[in-house]
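Next comes my_file.cif, a file with mmCIF, C-alpha atoms.
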```cif
data_entry
loop_
_atom_site.label_atom_id
_atom_site.label_comp_id
_atom_site.auth_asym_id
_atom_site.auth_seq_id
_atom_site.Cartn_x
_atom_site.Cartn_y
_atom_site.Cartn_z
CA MET A 26 11.16 90.33 15.24
CA ILE A 27 14.76 89.44 14.52
CA GLY A 28 16.37 89.02 11.10
CA GLY A 29 18.54 86.12 10.07
CA PHE A 30 18.51 82.62 8.62
CA LEU A 31 20.43 80.17 10.83
CA GLY A 32 22.27 83.19 12.20
CA VAL A 33 23.26 84.65 8.81
CA GLY A 34 21.98 88.21 8.72
CA THR A 35 21.29 88.41 12.47
CA PRO A 36 22.45 91.56 14.32
CA GLU A 37 24.86 89.78 16.71
CA ARG A 38 25.93 92.92 18.57
CA ILE A 39 22.32 93.77 19.45
CA ILE A 40 21.75 90.18 20.57
CA ASP A 41 24.87 90.29 22.77
CA GLU A 42 23.66 93.49 24.40
CA ILE A 43 20.23 91.98 25.13
CA VAL A 44 22.01 89.06 26.80
CA ARG A 45 24.27 91.46 28.72
CA GLN A 46 21.24 93.42 29.95
CA ASN A 47 19.46 90.15 30.80
CA ARG A 48 16.22 91.22 29.07
CA HIS A 49 14.02 88.23 29.69
CA ASP A 50 10.45 87.05 29.04
CA LEU A 51 10.76 87.98 25.37
CA THR A 52 8.63 86.77 22.47
CA VAL A 53 10.70 86.41 19.32
CA ILE A 54 9.40 86.19 15.77
CA ALA A 55 12.08 84.92 13.39
CA ASN A 56 12.84 82.26 10.80
CA ASP A 57 14.61 80.02 13.31
CA THR A 58 16.62 79.92 16.54
CA ALA A 59 19.97 79.28 14.80
CA THR A 60 22.42 77.11 16.76
CA LEU A 61 23.52 77.16 20.38
CA ASP A 62 26.17 79.89 20.03
CA LYS A 63 24.87 81.93 17.14
CA GLY A 64 22.29 84.67 16.71
CA ILE A 65 18.97 83.98 18.41
CA GLY A 66 20.49 80.78 19.85
CA LYS A 67 22.31 82.99 22.34
CA LEU A 68 18.96 84.29 23.64
CA VAL A 69 17.69 80.72 23.99
CA ARG A 70 20.84 79.62 25.80
CA ALA A 71 20.50 82.57 28.22
CA LYS A 72 16.86 81.52 28.84
CA LEU A 73 15.55 84.96 27.89
CA LEU A 74 12.68 83.74 25.70
CA ARG A 75 9.14 83.05 26.78
CA LYS A 76 7.89 82.30 23.28
CA ALA A 77 9.30 81.76 19.80
CA ILE A 78 7.25 82.08 16.61
CA VAL A 79 9.50 80.40 14.04
CA SER A 80 9.51 78.02 11.09
CA HIS A 81 12.35 75.81 12.21
CA ILE A 82 14.19 74.83 15.41
CA GLY A 83 15.92 71.68 14.20
CA LEU A 84 19.50 72.87 14.51
CA ASN A 85 19.23 74.08 18.09
CA ALA A 86 18.99 71.20 20.54
CA GLU A 87 18.54 73.60 23.47
CA THR A 88 15.44 75.14 21.87
CA GLN A 89 13.96 71.68 21.43
CA ARG A 90 14.88 70.73 25.00
CA GLN A 91 13.27 73.88 26.46
CA MET A 92 10.18 73.31 24.34
CA MET A 93 9.79 69.66 25.44
CA ALA A 94 10.37 70.69 29.08
CA GLY A 95 7.63 73.33 28.86
CA GLU A 96 10.10 76.17 29.51
CA LEU A 97 9.67 77.74 26.09
CA GLU A 98 6.49 78.04 24.05
CA VAL A 99 7.19 77.40 20.38
CA GLU A 100 4.70 78.20 17.63
CA LEU A 101 5.85 76.58 14.39
CA VAL A 102 4.73 78.39 11.25
CA PRO A 103 5.56 77.38 7.65
CA GLN A 104 8.31 79.70 6.47
CA GLY A 105 6.35 81.08 3.51
CA THR A 106 3.33 81.74 5.70
CA LEU A 107 5.46 83.36 8.41
CA ILE A 108 7.15 85.80 6.03
CA GLU A 109 3.78 86.68 4.47
CA ARG A 110 2.14 87.28 7.87
CA ILE A 111 4.99 89.65 8.70
CA ARG A 112 4.74 91.34 5.30
CA ALA A 113 1.00 91.77 5.78
CA GLY A 114 1.66 93.33 9.18
CA GLY A 115 4.06 95.78 7.63
CA TYR A 116 1.94 96.53 4.60
CA GLY A 117 -1.29 97.37 6.44
CA LEU A 118 -3.06 94.17 5.43
CA GLY A 119 -5.25 92.13 7.78
CA GLY A 120 -3.72 88.88 6.61
CA VAL A 121 -3.12 86.64 3.63
CA LEU A 122 -4.76 83.66 1.99
CA THR A 123 -2.43 80.72 1.36
CA GLN A 124 -2.87 77.06 0.42
CA THR A 125 0.17 76.06 2.44
CA GLY A 126 -0.86 73.98 5.43
CA ILE A 127 -4.36 73.08 4.24
CA GLY A 128 -5.25 69.62 5.49
CA THR A 129 -2.28 69.51 7.88
CA SER A 130 -1.90 70.24 11.58
CA VAL A 131 -1.17 73.86 10.62
CA GLU A 132 -4.84 74.36 9.75
CA ALA A 133 -6.05 73.87 13.34
CA GLY A 134 -8.06 76.82 14.62
CA LYS A 135 -7.92 78.73 11.35
CA GLN A 136 -10.58 79.90 8.97
CA ARG A 137 -10.82 78.43 5.46
CA VAL A 138 -11.72 80.84 2.69
CA GLU A 139 -12.70 79.73 -0.80
CA VAL A 140 -11.63 81.80 -3.79
CA GLY A 141 -12.28 80.67 -7.35
CA GLY A 142 -13.28 77.26 -6.08
CA LYS A 143 -9.94 76.73 -4.31
CA PRO A 144 -9.56 76.52 -0.51
CA TYR A 145 -7.14 78.81 1.31
CA LEU A 146 -6.20 79.30 4.94
CA LEU A 147 -6.72 82.78 6.34
CA GLU A 148 -3.44 83.63 8.06
CA VAL A 149 -3.52 86.86 10.06
CA ALA A 150 -0.93 89.63 10.02
CA LEU A 151 1.92 89.74 12.55
CA ARG A 152 3.42 92.91 14.03
CA ALA A 153 6.01 93.47 16.72
CA ASP A 154 7.20 96.10 19.19
CA PHE A 155 10.75 95.87 17.86
CA ALA A 156 12.48 94.78 14.67
CA LEU A 157 16.17 93.98 15.08
CA VAL A 158 17.72 94.23 11.63
CA GLN A 159 21.15 93.41 10.25
CA ALA A 160 22.05 95.50 7.19
CA PHE A 161 25.19 95.39 5.06
CA ILE A 162 25.24 99.11 4.51
CA ALA A 163 23.46 102.08 6.07
CA ASP A 164 23.87 105.76 5.28
CA TYR A 165 23.68 108.47 7.95
CA LEU A 166 19.95 108.97 7.27
CA GLY A 167 19.17 105.28 7.66
CA ASN A 168 18.75 104.12 4.06
CA LEU A 169 19.67 100.43 4.07
CA GLY A 170 21.18 97.89 1.70
CA TYR A 171 21.68 94.18 2.32
CA ALA A 172 24.21 91.58 1.19
CA LEU A 173 23.78 88.18 -0.36
CA THR A 174 21.94 85.66 1.84
CA GLY A 175 22.13 88.01 4.83
CA ARG A 176 19.01 89.69 3.46
CA ASN A 177 16.32 87.00 4.16
CA PHE A 178 13.79 88.33 6.73
CA ASN A 179 15.42 91.72 7.35
CA PRO A 180 13.72 94.00 4.78
CA VAL A 181 10.32 92.50 5.63
CA ILE A 182 10.53 92.79 9.43
CA ALA A 183 11.80 96.36 9.05
CA MET A 184 8.29 97.31 7.92
CA ALA A 185 6.34 95.42 10.57
CA ALA A 186 7.50 96.79 13.92
CA GLU A 187 6.95 99.96 15.99
CA THR A 188 10.66 100.53 16.58
CA VAL A 189 13.29 99.45 14.07
CA ILE A 190 16.84 99.05 15.36
CA VAL A 191 19.53 98.38 12.77
CA SER A 192 23.07 97.10 13.02
CA ALA A 193 25.09 97.68 9.84
CA ASP A 194 28.44 96.29 8.67
CA ASN A 195 29.13 99.61 6.97
CA ILE A 196 27.88 103.08 7.87
CA VAL A 197 28.47 105.59 5.10
CA PRO A 198 27.75 109.22 4.24
CA VAL A 199 24.51 110.17 2.54
CA GLY A 200 24.89 109.76 -1.21
CA VAL A 201 27.05 106.63 -1.15
CA ILE A 202 23.95 104.47 -1.63
CA SER A 203 22.19 105.48 -4.84
CA PRO A 204 18.38 105.79 -4.69
CA ASP A 205 17.97 102.73 -6.91
CA HIS A 206 20.06 100.62 -4.51
CA VAL A 207 18.17 101.47 -1.34
CA VAL A 208 16.17 98.43 -0.17
CA THR A 209 14.79 99.88 3.10
CA PRO A 210 14.05 103.63 2.89
CA ALA A 211 15.37 105.84 5.71
CA PRO A 212 12.03 106.88 7.31
CA ILE A 213 11.42 103.23 8.25
CA VAL A 214 14.52 103.11 10.46
CA ASP A 215 14.51 104.43 14.00
CA MET B 5 27.70 48.34 -5.95
CA GLU B 6 27.04 52.05 -5.56
CA GLN B 7 25.88 53.57 -2.30
CA PRO B 8 22.08 54.03 -1.98
CA HIS B 9 22.30 57.82 -1.85
CA THR B 10 24.43 57.89 -5.02
CA ILE B 11 21.94 55.70 -6.90
CA ILE B 12 19.07 57.90 -5.74
CA ALA B 13 20.80 61.20 -6.58
CA ARG B 14 22.00 59.94 -9.95
CA ARG B 15 18.52 58.76 -10.95
CA ILE B 16 16.82 62.01 -9.88
CA ALA B 17 19.38 64.05 -11.85
CA LYS B 18 17.91 62.43 -14.98
CA GLU B 19 14.70 64.39 -14.29
CA LEU B 20 16.45 67.76 -14.74
CA SER B 21 16.33 69.68 -17.99
CA PRO B 22 18.02 72.93 -19.13
CA GLY B 23 16.72 76.15 -17.62
CA MET B 24 14.79 74.52 -14.77
CA LEU B 25 14.51 76.28 -11.41
CA VAL B 26 15.17 73.59 -8.82
CA ASN B 27 15.16 73.46 -5.02
CA LEU B 28 17.15 70.72 -3.29
CA GLY B 29 16.41 69.86 0.33
CA ILE B 30 19.03 68.92 2.90
CA GLY B 31 20.43 65.38 2.96
CA ILE B 32 20.29 63.10 -0.08
CA PRO B 33 18.59 65.79 -2.27
CA THR B 34 21.64 68.08 -2.19
CA ARG B 35 23.67 65.32 -3.87
CA VAL B 36 21.51 65.62 -7.01
CA ALA B 37 23.53 68.73 -7.90
CA ASN B 38 26.64 66.53 -8.24
CA PHE B 39 25.10 64.63 -11.15
CA VAL B 40 23.79 67.40 -13.37
CA PRO B 41 25.07 66.65 -16.90
CA ALA B 42 28.11 68.75 -17.81
CA GLY B 43 27.10 71.91 -19.60
CA MET B 44 23.42 71.75 -18.60
CA ASN B 45 22.36 75.06 -17.10
CA VAL B 46 20.05 74.45 -14.14
CA PHE B 47 19.20 77.16 -11.62
CA PHE B 48 19.41 75.90 -8.05
CA GLN B 49 17.46 77.95 -5.52
CA SER B 50 18.22 78.02 -1.81
CA GLU B 51 15.14 79.08 0.16
CA ASN B 52 17.15 81.55 2.26
CA GLY B 53 17.22 83.82 -0.78
CA LEU B 54 19.62 82.71 -3.53
CA ILE B 55 19.30 81.45 -7.08
CA GLY B 56 22.56 80.15 -8.50
CA THR B 57 23.72 78.07 -5.54
CA GLY B 58 27.12 76.64 -6.39
CA SER B 59 29.41 74.18 -4.67
CA ILE B 60 31.33 74.37 -1.41
CA PRO B 61 34.03 77.06 -1.50
CA GLU B 62 37.70 76.31 -0.93
CA GLU B 63 39.25 77.06 2.42
CA GLY B 64 39.36 80.82 2.94
CA MET B 65 37.00 81.63 0.06
CA ALA B 66 33.76 81.48 2.07
CA HIS B 67 31.71 84.65 2.61
CA PRO B 68 29.94 84.87 5.98
CA ALA B 69 26.76 86.11 4.31
CA LEU B 70 26.65 83.53 1.50
CA THR B 71 25.21 80.25 2.70
CA ASP B 72 22.71 77.61 1.63
CA ALA B 73 19.50 76.78 3.49
CA ALA B 74 21.40 74.46 5.82
CA GLY B 75 23.68 77.33 6.85
CA HIS B 76 26.72 75.97 4.98
CA PRO B 77 28.92 78.40 3.04
CA VAL B 78 28.42 78.06 -0.70
CA MET B 79 29.68 79.68 -3.86
CA ALA B 80 27.36 81.56 -6.18
CA LEU B 81 27.49 80.76 -9.89
CA PRO B 82 27.82 83.50 -12.54
CA GLY B 83 24.37 85.00 -13.08
CA ALA B 84 23.29 84.33 -9.50
CA SER B 85 20.69 86.52 -7.80
CA THR B 86 19.86 87.17 -4.15
CA PHE B 87 16.53 88.36 -2.75
CA ASP B 88 14.53 88.47 0.47
CA SER B 89 12.44 85.70 1.99
CA ALA B 90 9.13 87.09 0.74
CA ILE B 91 10.36 86.88 -2.86
CA SER B 92 11.97 83.49 -2.19
CA PHE B 93 8.67 82.06 -1.03
CA GLY B 94 6.81 83.91 -3.74
CA LEU B 95 8.89 81.88 -6.20
CA ILE B 96 8.17 78.70 -4.26
CA ARG B 97 4.45 79.21 -3.52
CA GLY B 98 3.67 81.01 -6.77
CA GLY B 99 4.43 78.02 -8.99
CA HIS B 100 7.71 79.36 -10.39
CA LEU B 101 9.73 76.46 -9.05
CA ASP B 102 9.91 73.70 -11.69
CA LEU B 103 11.07 71.01 -9.29
CA THR B 104 11.64 70.42 -5.60
CA VAL B 105 13.51 67.40 -4.28
CA LEU B 106 13.14 66.56 -0.63
CA GLY B 107 13.52 63.77 1.89
CA ALA B 108 10.83 61.76 3.64
CA LEU B 109 9.93 60.10 6.89
CA GLN B 110 6.98 58.41 5.16
CA VAL B 111 5.22 58.48 1.78
CA ASP B 112 1.88 56.70 1.49
CA GLN B 113 0.23 55.03 -1.45
CA SER B 114 -1.79 58.18 -2.23
CA GLY B 115 1.48 60.05 -2.65
CA ARG B 116 1.14 61.99 0.58
CA LEU B 117 4.40 62.97 2.22
CA ALA B 118 5.25 63.20 5.92
CA ASN B 119 8.68 64.70 6.43
CA TRP B 120 8.64 67.30 9.17
CA THR B 121 7.99 65.81 12.58
CA ILE B 122 7.74 62.76 14.79
CA PRO B 123 5.46 64.13 17.54
CA ASN B 124 7.07 64.16 21.00
CA LYS B 125 10.30 62.74 19.59
CA MET B 126 11.60 64.91 16.79
CA VAL B 127 10.08 68.35 16.29
CA PRO B 128 12.46 70.33 14.10
CA GLY B 129 9.72 72.42 12.51
CA MET B 130 8.52 72.41 8.93
CA GLY B 131 10.67 75.28 7.64
CA GLY B 132 9.92 75.63 3.94
CA ALA B 133 8.80 72.04 3.37
CA MET B 134 5.04 72.66 3.35
CA ASP B 135 5.35 75.59 0.93
CA LEU B 136 7.69 73.60 -1.31
CA VAL B 137 5.42 70.57 -1.59
CA SER B 138 2.30 72.69 -2.03
CA GLY B 139 3.79 75.16 -4.51
CA ALA B 140 6.35 73.49 -6.79
CA LYS B 141 5.30 72.34 -10.24
CA ARG B 142 6.87 68.93 -9.59
CA VAL B 143 7.77 67.19 -6.33
CA ILE B 144 10.28 64.34 -6.16
CA VAL B 145 11.04 62.53 -2.92
CA ALA B 146 14.58 61.23 -2.44
CA THR B 147 14.77 58.64 0.31
CA GLN B 148 16.18 55.28 1.28
CA HIS B 149 13.50 52.64 0.92
CA ALA B 150 13.45 51.69 4.60
CA ALA B 151 14.49 53.10 7.94
CA LYS B 152 15.40 50.81 10.86
CA GLY B 153 14.09 47.86 8.88
CA ALA B 154 10.64 49.42 8.30
CA SER B 155 9.37 50.44 4.85
CA LYS B 156 9.08 54.20 4.45
CA ILE B 157 6.61 53.65 1.61
CA VAL B 158 3.50 52.98 3.66
CA LYS B 159 -0.20 52.37 3.07
CA LYS B 160 -1.21 55.51 4.94
CA CYS B 161 0.97 58.08 6.68
CA THR B 162 0.82 57.76 10.44
CA LEU B 163 3.02 60.82 10.95
CA PRO B 164 1.75 64.40 10.46
CA ILE B 165 1.66 65.11 6.72
CA THR B 166 3.51 67.92 5.00
CA SER B 167 0.83 68.65 2.41
CA THR B 168 -2.32 67.16 0.91
CA ARG B 169 -0.77 67.58 -2.55
CA PRO B 170 0.49 64.20 -3.73
CA VAL B 171 4.14 64.01 -4.71
CA ASP B 172 4.95 63.15 -8.32
CA LEU B 173 7.76 60.64 -7.87
CA VAL B 174 9.55 58.75 -5.12
CA VAL B 175 13.06 57.55 -5.89
CA THR B 176 14.75 55.07 -3.57
CA GLU B 177 17.73 52.77 -4.08
CA LEU B 178 15.24 50.00 -4.81
CA ALA B 179 12.55 51.68 -6.90
CA VAL B 180 11.03 54.58 -8.78
CA ILE B 181 7.38 55.01 -7.85
CA ALA B 182 4.79 57.36 -9.38
CA PHE B 183 1.33 58.26 -8.07
CA ARG B 184 -1.97 58.53 -9.89
CA ASP B 185 -5.58 58.42 -8.62
CA ASP B 186 -4.52 57.52 -5.07
CA ARG B 187 -2.47 54.55 -6.25
CA ALA B 188 1.28 53.96 -6.15
CA ILE B 189 2.71 52.70 -9.46
CA LEU B 190 6.05 50.92 -9.68
CA LEU B 191 7.83 52.41 -12.71
CA GLU B 192 11.40 51.10 -12.32
CA THR B 193 13.46 48.90 -10.05
CA GLY B 194 16.90 49.74 -8.68
CA PRO B 195 20.12 48.42 -10.26
CA GLY B 196 20.17 44.64 -9.87
CA ILE B 197 16.87 44.66 -7.96
CA SER B 198 13.91 42.47 -8.90
CA VAL B 199 10.22 43.44 -8.77
CA ALA B 200 9.74 40.75 -6.11
CA GLN B 201 12.40 42.37 -3.92
CA VAL B 202 10.67 45.74 -4.20
CA VAL B 203 7.28 44.28 -3.30
CA ALA B 204 8.79 42.46 -0.31
CA ALA B 205 10.41 45.67 0.92
CA THR B 206 7.32 47.86 0.48
CA ASP B 207 4.45 48.24 2.93
CA ALA B 208 2.20 50.12 0.45
CA GLU B 209 0.26 48.36 -2.30
CA LEU B 210 1.96 48.81 -5.65
CA VAL B 211 0.31 48.83 -9.06
CA MET B 212 2.53 46.87 -11.45
CA PRO B 213 2.52 47.85 -15.13
CA ASN B 214 3.44 45.16 -17.69
CA ASN B 215 6.93 46.54 -18.27
CA ILE B 216 9.04 47.53 -15.25
CA PRO B 217 12.60 48.22 -16.39
CA GLU B 218 15.65 48.64 -14.18
CA MET B 219 16.81 52.23 -13.55
CA SER B 220 19.10 53.38 -16.30
CA LEU B 221 21.84 55.39 -14.67
#
```
As structure tokens:
Amino acid sequence: MIGGFLGVGTPERIIDEIVRQNRHDLTVIANDTATLDKGIGKLVRAKLLRKAIVSHIGLNAETQRQMMAGELEVELVPQGTLIERIRAGGYGLGGVLTQTGIGTSVEAGKQRVEVGGKPYLLEVALRADFALVQAFIADYLGNLGYALTGRNFNPVIAMAAETVIVSADNIVPVGVISPDHVVTPAPIVD
Amino acid sequence: MEQPHTIIARRIAKELSPGMLVNLGIGIPTRVANFVPAGMNVFFQSENGLIGTGSIPEEGMAHPALTDAAGHPVMALPGASTFDSAISFGLIRGGHLDLTVLGALQVDQSGRLANWTIPNKMVPGMGGAMDLVSGAKRVIVATQHAAKGASKIVKKCTLPITSTRPVDLVVTELAVIAFRDDRAILLETGPGISVAQVVAATDAELVMPNNIPEMSL
């Protein structure tokens, strides 16, 4: 799982290192594949991805080309459903019930559950081996804070992976971030 | 004669009222923000996790971590708030969004919207569109009436639909159309446009009330 929305809030230095090490055959779960030269787009350009589970690929022509050519498997998930599946994975839940996608192509292969007379799709939890997180600020213990629209998927994916690797704009001594301002608690971060 | 997208944006801005939480999609919908009456406080949400989306910053004033849902740098208005994607879509799916304005590939006479893919030709992904149409209290479609000479207001969507929830209003440069009981109702015509012109330009069947005024902009 990789944080970021069109590259904003994506840990670029970690991405660059993955490209440098040529780690291929990866499955990425993220909001999108950014653009050709930004964030996850760099992984696409370097042909390191086997599969992408994302809500949007519209701004990366290379992702669309690889998908159409059968080089990259793309699973498109509505953004609200995707973030909830990740949250469920991090919060120990089997899945979530959502009305989004009912009666559309998104429903294919999924169970419908009725609650209070209303139909919902059962969307199962998602977990990952790694979460690559971009934080604005991290203290020496690993308490994290985020900035502005760089937050997006980051706090949620931080809960849903076995190993959490964080890149932070600012690394500060313990005590600089007050308890009330910690968004991701230190024990979550590896 | 004003440009189509200006007519559309100006007319949709009339649907805003003070204190509303509003989401504007990319394209024509973003222009609605330009026509909010002076002094009216409307909260614009960007799905990437911001309420209080402002206008484009001056050269040098952009922050790399402050963008809209299209990835463009924006300013944040006083009183803005930022939050993660789970909260953002909680607002959207949970019925807290008063209004969403988005574009269309097709809208059919039942009010069903198709706006996220042309299979095998254009597959950008649905992003937040399905959640927005399913979850917002009110859904307004902003679109030009036709694309490549073909009416976008069709009898039945042939493209994959975005949601089974019917939209509330479609605003084009030629017409304002509402939907009720699986029928499309012509409420207003565009500036200088006759009812006959709208009917000629529209593939879908339109119900015609006795009084169909021109848009008042």
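Residue nearest Ile165 (chain B), chosen from A:Gly126, A:Lys143, A:Thr174, A:His49 and counting all atoms listed in the file: A:Gly126.
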>> I'd like to see the residues matched by the PyMOL selection byres ((chain B and resi 116) around 8) on this file, and ideally I'd get them as a ChimeraX atom specification.
In response: /B:111-115,117-118,161,165-171
>> I want to know what sits within 12 Å of Thr57 (chain B), based on only C-alpha atoms, with residues of the same chain fewer than 4 positions away left out; could you give that as a ChimeraX atom specification?
In response: /A:173-174 /B:25-28,34,37,46-53,61,70-73,76-86
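Around the point (7.3, 90.2, 8.7), within 7 Å and counting only C-alpha atoms, we find these residues: Ile108, Glu109, Arg110, Ile111, Arg112, Gly114, Gly115, Leu151, Val181, Ile182 and Ala185 of chain A.
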>> Only residues of chain A matter here; which ones have an atom within 8 Å of chain B, counting all atoms listed in the file? Give them as a PyMOL selection string.
In response: chain A and resi 30-31+33-34+56+80-84+89+93+101-105+108-109+112+124-130+172-181
Write the selection just made, keeping C-alpha atoms, as a JSON list (two decimals), in the coordinates of the input?
```json
[["chain", "number", "residue", "atom", "x", "y", "z"],
["A", 30, "PHE", "CA", 18.51, 82.62, 8.62],
["A", 31, "LEU", "CA", 20.43, 80.17, 10.83],
["A", 33, "VAL", "CA", 23.26, 84.65, 8.81],
["A", 34, "GLY", "CA", 21.98, 88.21, 8.72],
["A", 56, "ASN", "CA", 12.84, 82.26, 10.80],
["A", 80, "SER", "CA", 9.51, 78.02, 11.09],
["A", 81, "HIS", "CA", 12.35, 75.81, 12.21],
["A", 82, "ILE", "CA", 14.19, 74.83, 15.41],
["A", 83, "GLY", "CA", 15.92, 71.68, 14.20],
["A", 84, "LEU", "CA", 19.50, 72.87, 14.51],
["A", 89, "GLN", "CA", 13.96, 71.68, 21.43],
["A", 93, "MET", "CA", 9.79, 69.66, 25.44],
["A", 101, "LEU", "CA", 5.85, 76.58, 14.39],
["A", 102, "VAL", "CA", 4.73, 78.39, 11.25],
["A", 103, "PRO", "CA", 5.56, 77.38, 7.65],
["A", 104, "GLN", "CA", 8.31, 79.70, 6.47],
["A", 105, "GLY", "CA", 6.35, 81.08, 3.51],
["A", 108, "ILE", "CA", 7.15, 85.80, 6.03],
["A", 109, "GLU", "CA", 3.78, 86.68, 4.47],
["A", 112, "ARG", "CA", 4.74, 91.34, 5.30],
["A", 124, "GLN", "CA", -2.87, 77.06, 0.42],
["A", 125, "THR", "CA", 0.17, 76.06, 2.44],
["A", 126, "GLY", "CA", -0.86, 73.98, 5.43],
["A", 127, "ILE", "CA", -4.36, 73.08, 4.24],
["A", 128, "GLY", "CA", -5.25, 69.62, 5.49],
["A", 129, "THR", "CA", -2.28, 69.51, 7.88],
["A", 130, "SER", "CA", -1.90, 70.24, 11.58],
["A", 172, "ALA", "CA", 24.21, 91.58, 1.19],
["A", 173, "LEU", "CA", 23.78, 88.18, -0.36],
["A", 174, "THR", "CA", 21.94, 85.66, 1.84],
["A", 175, "GLY", "CA", 22.13, 88.01, 4.83],
["A", 176, "ARG", "CA", 19.01, 89.69, 3.46],
["A", 177, "ASN", "CA", 16.32, 87.00, 4.16],
["A", 178, "PHE", "CA", 13.79, 88.33, 6.73],
["A", 179, "ASN", "CA", 15.42, 91.72, 7.35],
["A", 180, "PRO", "CA", 13.72, 94.00, 4.78],
["A", 181, "VAL", "CA", 10.32, 92.50, 5.63]]
```
> At what distance in Å, to one decimal, does CA of Thr123 (chain A) lie from CA of Lys135 (chain A)?
Replying inline: 11.6 Å
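Within 8 Å of Leu178 (chain B), once only C-alpha atoms are used and residues closer than 3 positions along the same chain are dropped, the contacting residues are B:His149, B:Val175, B:Thr193, B:Gly194, B:Pro195, B:Ile197, B:Val202.
Reported to one decimal place, the separation of CA of His206 (chain A) from CA of Ala66 (chain B) is 24.4 Å.
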>> Would you pick out the contacts of Gly43 (chain B) at 12 Å or less, using all atoms listed in the file, so that residues sharing its chain but fewer than 4 positions from it are not included, and give the list as a ChimeraX atom specification?
In response: /B:21-23,39
>> At a cut-off of 10 Å, using all atoms listed in the file, what residues contact Ile40 (chain A)? Leave out same-chain residues fewer than 4 positions from it and give the result as a ChimeraX atom specification.
In response: /A:27,35-36,44-46,63-68,157
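Coordinates place CA of Leu73 (chain A) at a distance of 8.9 Å from CA of Ile43 (chain A).
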> Using the chain letters and numbers from the file, which residues does the PyMOL selection byres ((chain A and resi 193) around 12) grab, as number ranges by chain?
Replying inline: A: 34-39, 157-165, 167-172, 175-176, 179, 190-192, 194-197, 214
>> As a check of understanding, name the residues that the PyMOL selection byres ((chain B and resi 9) around 8) selects in the supplied structure, as a PyMOL selection string.
In response: chain B and resi 7-8+10-13+32+35+147-148+177
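Take the candidates B:Ile122, B:Ile60, B:Ala200, B:Leu173 and check each one against Val145 (chain B) using only C-alpha atoms; the shortest distance goes to B:Leu173.
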> Smallest atom-to-atom distance to Met184 (chain A): which of A:Ala113, A:Val131, A:Ile202, A:Ile78, using all atoms listed in the file?
Replying inline: A:Ala113
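Residue nearest Leu101 (chain B), chosen from B:Pro213, B:Glu63, B:Arg142, B:Asn45 and counting all atoms listed in the file: B:Arg142.
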Any chance you could model N, CA and C atoms for region 9-20 of chain B and send them as a PDB file, in the frame of the given file?
```pdb
ATOM      1  N   HIS B   9      22.560  56.393  -1.589  1.00  0.00           N
ATOM      2  CA  HIS B   9      22.300  57.820  -1.850  1.00  0.00           C
ATOM      3  C   HIS B   9      22.858  58.239  -3.206  1.00  0.00           C
ATOM      4  N   THR B  10      23.889  57.567  -3.690  1.00  0.00           N
ATOM      5  CA  THR B  10      24.430  57.890  -5.020  1.00  0.00           C
ATOM      6  C   THR B  10      23.464  57.422  -6.102  1.00  0.00           C
ATOM      7  N   ILE B  11      22.917  56.217  -5.939  1.00  0.00           N
ATOM      8  CA  ILE B  11      21.940  55.700  -6.900  1.00  0.00           C
ATOM      9  C   ILE B  11      20.740  56.651  -6.979  1.00  0.00           C
ATOM     10  N   ILE B  12      20.246  57.037  -5.811  1.00  0.00           N
ATOM     11  CA  ILE B  12      19.070  57.900  -5.740  1.00  0.00           C
ATOM     12  C   ILE B  12      19.343  59.245  -6.404  1.00  0.00           C
ATOM     13  N   ALA B  13      20.461  59.873  -6.038  1.00  0.00           N
ATOM     14  CA  ALA B  13      20.800  61.200  -6.580  1.00  0.00           C
ATOM     15  C   ALA B  13      21.015  61.136  -8.086  1.00  0.00           C
ATOM     16  N   ARG B  14      21.709  60.098  -8.533  1.00  0.00           N
ATOM     17  CA  ARG B  14      22.000  59.940  -9.950  1.00  0.00           C
ATOM     18  C   ARG B  14      20.714  59.787 -10.753  1.00  0.00           C
ATOM     19  N   ARG B  15      19.782  58.998 -10.236  1.00  0.00           N
ATOM     20  CA  ARG B  15      18.520  58.760 -10.950  1.00  0.00           C
ATOM     21  C   ARG B  15      17.673  60.019 -11.011  1.00  0.00           C
ATOM     22  N   ILE B  16      17.637  60.784  -9.912  1.00  0.00           N
ATOM     23  CA  ILE B  16      16.820  62.010  -9.880  1.00  0.00           C
ATOM     24  C   ILE B  16      17.399  63.060 -10.824  1.00  0.00           C
ATOM     25  N   ALA B  17      18.735  63.077 -10.949  1.00  0.00           N
ATOM     26  CA  ALA B  17      19.380  64.050 -11.850  1.00  0.00           C
ATOM     27  C   ALA B  17      18.888  63.872 -13.287  1.00  0.00           C
ATOM     28  N   LYS B  18      18.430  62.679 -13.628  1.00  0.00           N
ATOM     29  CA  LYS B  18      17.910  62.430 -14.980  1.00  0.00           C
ATOM     30  C   LYS B  18      16.611  63.208 -15.228  1.00  0.00           C
ATOM     31  N   GLU B  19      15.978  63.670 -14.152  1.00  0.00           N
ATOM     32  CA  GLU B  19      14.700  64.390 -14.290  1.00  0.00           C
ATOM     33  C   GLU B  19      14.913  65.875 -14.570  1.00  0.00           C
ATOM     34  N   LEU B  20      16.173  66.341 -14.517  1.00  0.00           N
ATOM     35  CA  LEU B  20      16.450  67.760 -14.740  1.00  0.00           C
ATOM     36  C   LEU B  20      16.543  68.058 -16.224  1.00  0.00           C
TER      37      LEU B  20
END
```
